[in-house]
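In what follows, a structure is listed as structure tokens, so that the remarks can point back to it.
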Amino acid sequence: MTVDFSIHQDSEKKWILAGIAAILVIVLIIPLAYIKFWQRINQRSACLDQGMGNASVFVGKEKCRDCHRNEYEKWQNSDHDRAMEIADSSTVLGDFNDAEFIHNQVTTRFFKKGDRFFVNTIGQDGEYKDFQVTHTFGFSPLQQYLIPFEDGRLQCLTIAWDNVKKMWYALPNHTDDPGDWLHWTGQGQNWNGMCAECHSTNLKKGYDMATDRFTTTWSEIDVSCEACHGPGSGHVAWAQAPEMGRKAADNFNLVVQTRDMTSEDFARVCARCHSRRASIADFSHGHENIMDYMIPSLLTERLYYPDGQILDEDYVFGSFTQSKMFLNSVKCNDCHDVHSQKLKRQGNDLCLFCHRKNTYDTANHHFHKKMNKGKESKGDDCIQCHMPETVYMGIDWRADHSIRIPRPDLSKAYQIPNACNAAGCHSDKSLEWTNEHMSSWYGKRKRPHYGEIIARGRQGDPKAVLDLISLSKDMLFPGIVRATALSLLSSYPSQLSYRALETALSDPDALIRQTAISTINILRFDKDATLIFPLLYDPVKAVRIQAALGVASIKNLKLTKDQQRVFESVKKEYIAAMEYSGDFPAGRYNLALMYHALGQDDKAIENYEQSIRIDGLFLPAKNNLAMLYNAQGKNEKAEQLFIQILEDRPELYDIAYSLGLLLVEEKKYDQAVIYLQKAAGGLPGRARIQYNLGLLLQFRKKEKAAEKALLKALSLEPNNFDFLFALADHYIKRNRLDSARTVAGKMIQLFPDNKIGYDILKYINSRSGPWKK
């Protein structure tokens, strides 16, 4: 992709020079402080969880029980306590008395051999086999079962026990195809990488990419005291000392601060598990920022509706940090008992602990009756309106923690759900009916919502770019919302977008900085090393490793010895982080990105191929591998990969565009027209697609269709010189000189310093000789 930086060149040079001057000062002053920060972080992280020196080590929950008996008893039999257990008669809830479950004509049988539990079902080779169940996973409202394999893997069976109805059932993502990533023997159901870190204490994944094996360990099998409070030996030693002989100790010699915390601090404690994320390291209680070991997911189309409501499971962090509650210092433990995980109060009483009963628990606020036609109504229930629930895993209802006001007006405009028309409420009513009532109760005026901007950004609306930039800069909005707006600029490759991304590189929020540099990397702008290189010194790991990828992709970059040393150090961090995730297709994909940037294409191809091996439907790896094959002149291989992607996902119009351009390169023009037309129809706001389609149609003598496509491109970007030139050329070649004269006049008006417009007009006026481009 090429980007035109020629417009307003003089003013941009002044801005860039000023930016370089400022950055050079930062480069000279900040790195020393950052390096010291690194050293402190790394030393603390290494000591805490490895037991080096005088640092605390894990001692187990029994050491906590005597002094904290009340908390211990609350914790017993909680979701954390029952998160994972050895399979035996006291922990297994499912029916293993030779029970059969038939689904899609596949029979799965559950049985026992003595004290051991077994399942007979289809394995990874497509054949029925007996598998021993060694562990249980969860207990309410469902229980899953883990099966060990020789390479250290534990796999989650996708037929689970419904502990409410007391029956076996297939999870919604269940598949009987052993080649599918989501098959119970596939990586999508692998306990070591997908589940383990949040169901046990002090878990170390132990994945070896070279052998593709796991040696996963934990200090306690469930989510115990030290999972949240950190390794406890220092606290235990302090507590066991005579009271008068105890040395002064910060936080009672506990590693993790769990009192006198802000909502942000508290959310960070819970976020390591209660978030959708990409893990880049084993969790350590020494990390000062969650993005030293994970990257939280943004409000992507797969996980969230445009307004931030949950679509897929989000485990709460991503939704809660959008809420006014979070922004006004409400913490997890204001509603939940942290040891039992139960709500502290039931019904509206939970909300009325903070909100005034005579203002909010009245018909003047919710406009609903407590009883309706002799039945209890849910219309006065705070949670039903402000935290609507969605069912996951087939039977597990989970509330949306963004705690929002229902907006049925957005439902109509952007196909977003709302609590009013949800199942169990007014699902039999129309949106018009709901909006009429909302307007009569609360007024017709509606507040602007960031969901409208995100929806337009997802749709590729050309007019959304300025609103996305404005949203990304507005610190009154949650960080996850601002970062999402930045990420959507990847669909708007322009100087405006690049400036916004450059500004975001210095944002105080690490998620904003990380998103900015990753979006710059996606857009493949001609990067300015003076803007990106300082991020190699960022105190947050996720930011600096993304910067390493950016720096690696800058061609002909000359570094001093010290700069090269820093780059090599962070590059190793990047590779280690992605090798940690090498059991996932995305980990291998990210490794391939780095190796390609470094010019090591053999390693890049190897990792793209491994990514596809892990998940045959991981399309980014197929796309990039096709692009790499194309660069190497292996166009047949590239063509086949693009065709595979479109067979699986025909709605991926960007891929159709890439395939169309590849087919042009292969001189398969008629096939190229088909795919470029598909791309132009699916992405009607992408001017460059219309332009290339017009040029191809012109070449194939499809004159009317070519003119239509070129006019469409120009209507989307009326000030684009290339589009104006192409249209003038089209008219002149067809002797439509009056039309060409109009276009040439526009070129002169918009680009008075470019002589091409004058040359075209001169030719038209001369009316002699054939026009040649």
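Labeling convention for the structure tokens: chains A, B, ... as they appear, residues from 1 per chain, ligands from 1 in order of appearance.
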Test item, helix (DSSP H, G or I) assignment across stretch 263-509 of chain A, answer as a PyMOL selection string: chain A and resi 263-271+290-292+317-320+324-327+332-335+349-352+357-360+363-366+382-386+408-414+431-442+450-459+462-473+479-491+495-504
With a distance cut-off of 9 Å and only C-alpha atoms, select the neighbouring residues of A:Arg700, excluding the residue or stretch itself and same-chain residues fewer than 3 positions from it, and output the selection as a ChimeraX atom specification. /A:669-670,695-697,703
Please write the residues from the selection above to a file, keeping C-alpha atoms, as a PDB file, in the first residue's frame.
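Saved the output as part-v1.pdb:
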ATOM      1  CA  TYR A 669      -8.131 -10.451 -16.878  1.00  0.00           C
ATOM      2  CA  ASP A 670     -11.646 -11.908 -17.134  1.00  0.00           C
ATOM      3  CA  LEU A 695      -8.879   0.885 -15.317  1.00  0.00           C
ATOM      4  CA  LEU A 696      -9.292  -2.865 -15.850  1.00  0.00           C
ATOM      5  CA  LEU A 697     -12.724  -2.479 -17.450  1.00  0.00           C
ATOM      6  CA  GLU A 703     -16.406   1.466 -21.774  1.00  0.00           C
TER       7      GLU A 703
END
Residues at most 7 Å from stretch 681-691 of chain A, counting only C-alpha atoms, excluding those fewer than 3 positions away in the same chain, as a PyMOL selection string? chain A and resi 460-462+653+677-678+694-695+709-710+712-713+716-717+723
When DSSP works through the backbone of this structure, what residues of stretch 272-476 of chain A end up as strand (DSSP E or B), shown as an MDAnalysis selection string? chainID A and resid 277:279 294:296 304 310 336 343 371:372 375:376 389:392 396:399
So that I can check the surroundings of stretch 757-760 of chain A, please list as a ChimeraX atom specification every protein, DNA and RNA residue that reaches within 9 Å of it, counting only C-alpha atoms and ignoring chain neighbours fewer than 2 positions away. /A:725,728-729,740-741,743-749,751-752,754-755,762-765
Please save C-alpha atoms of the selected residues as a short mmCIF file (atom, residue, chain, number, x, y, z; two decimals), in the first residue's frame.
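Once everything was written out, this is result.cif:
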data_model
loop_
_atom_site.label_atom_id
_atom_site.label_comp_id
_atom_site.auth_asym_id
_atom_site.auth_seq_id
_atom_site.Cartn_x
_atom_site.Cartn_y
_atom_site.Cartn_z
CA PHE A 725 -6.24 11.99 -14.67
CA ALA A 728 -9.68 12.60 -18.47
CA ASP A 729 -7.63 9.89 -20.18
CA ALA A 740 -12.36 15.64 -20.91
CA ARG A 741 -12.10 19.46 -21.00
CA VAL A 743 -12.10 17.22 -16.01
CA ALA A 744 -8.91 19.00 -17.13
CA GLY A 745 -10.31 22.29 -15.84
CA LYS A 746 -10.92 20.64 -12.47
CA MET A 747 -7.33 19.40 -12.42
CA ILE A 748 -6.00 22.91 -13.07
CA GLN A 749 -8.28 24.36 -10.40
CA PHE A 751 -3.57 21.48 -8.75
CA PRO A 752 -2.49 24.80 -10.34
CA ASN A 754 0.97 20.66 -11.82
CA LYS A 755 1.54 21.13 -15.56
CA LYS A 762 -3.73 22.20 -24.55
CA TYR A 763 -4.10 18.91 -26.39
CA ILE A 764 -7.88 19.05 -26.27
CA ASN A 765 -7.87 22.56 -27.66
#
Best match for closeness to A:Thr134 among A:Asp95, A:Asp260, A:Asp176, A:Asp88, counting only C-alpha atoms: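 Between A:Asp95, A:Asp260, A:Asp176, A:Asp88, the residue approaching A:Thr134 most closely is A:Asp88.
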If we count only C-alpha atoms, what is near stretch 298-307 of chain A at a cut-off of 6 Å, once residues fewer than 2 positions away on the same chain are taken out, given as JSON, numbers by chain? {"A": [309, 310, 311, 312, 451, 454, 455, 480, 484]}
May I have the residues from that selection written out with C-alpha atoms, as a compact mmCIF listing (two decimals), in the first residue's frame?
# COMPACT_ATOMS: atom_id res chain seq x y z
CA GLN A 309 -22.53 -4.39 24.67
CA ILE A 310 -21.25 -7.94 24.98
CA LEU A 311 -21.73 -10.20 21.97
CA ASP A 312 -19.35 -13.02 22.81
CA GLY A 451 -21.42 3.32 19.48
CA ILE A 454 -17.72 2.81 16.05
CA ALA A 455 -20.57 1.40 13.95
CA ILE A 480 -10.92 0.68 25.60
CA THR A 484 -10.99 0.85 19.51
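With atom CA of A:Asn692 on one side and atom CA of A:Tyr657 on the other, the separation reads 9.6 Å.
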Could the residues of stretch 236-326 of chain A that have an atom at most 12 Å from stretch 502-510 of chain A be listed as a Markdown table, each with its closest atom pair and the distance in Å to one decimal, counting only C-alpha atoms and ordered by chain and ascending residue number?
| residue | atom | partner | partner_atom | distance |
| --- | --- | --- | --- | --- |
| A:Glu288 | CA | A:Ala510 | CA | 12.0 |
| A:Asn289 | CA | A:Ala510 | CA | 8.8 |
| A:Ile290 | CA | A:Ala510 | CA | 9.6 |
| A:Met291 | CA | A:Ala510 | CA | 7.6 |
| A:Asp292 | CA | A:Ala510 | CA | 10.1 |
| A:Met294 | CA | A:Ala510 | CA | 11.7 |
| A:Ile295 | CA | A:Ala510 | CA | 9.9 |
| A:Pro296 | CA | A:Ala510 | CA | 10.8 |
Please compute the atom CA of A:Ser340-atom CA of A:Arg65 distance, one decimal, in Å.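 Computed distance, atom CA of A:Ser340 to atom CA of A:Arg65, equals 14.7 Å.
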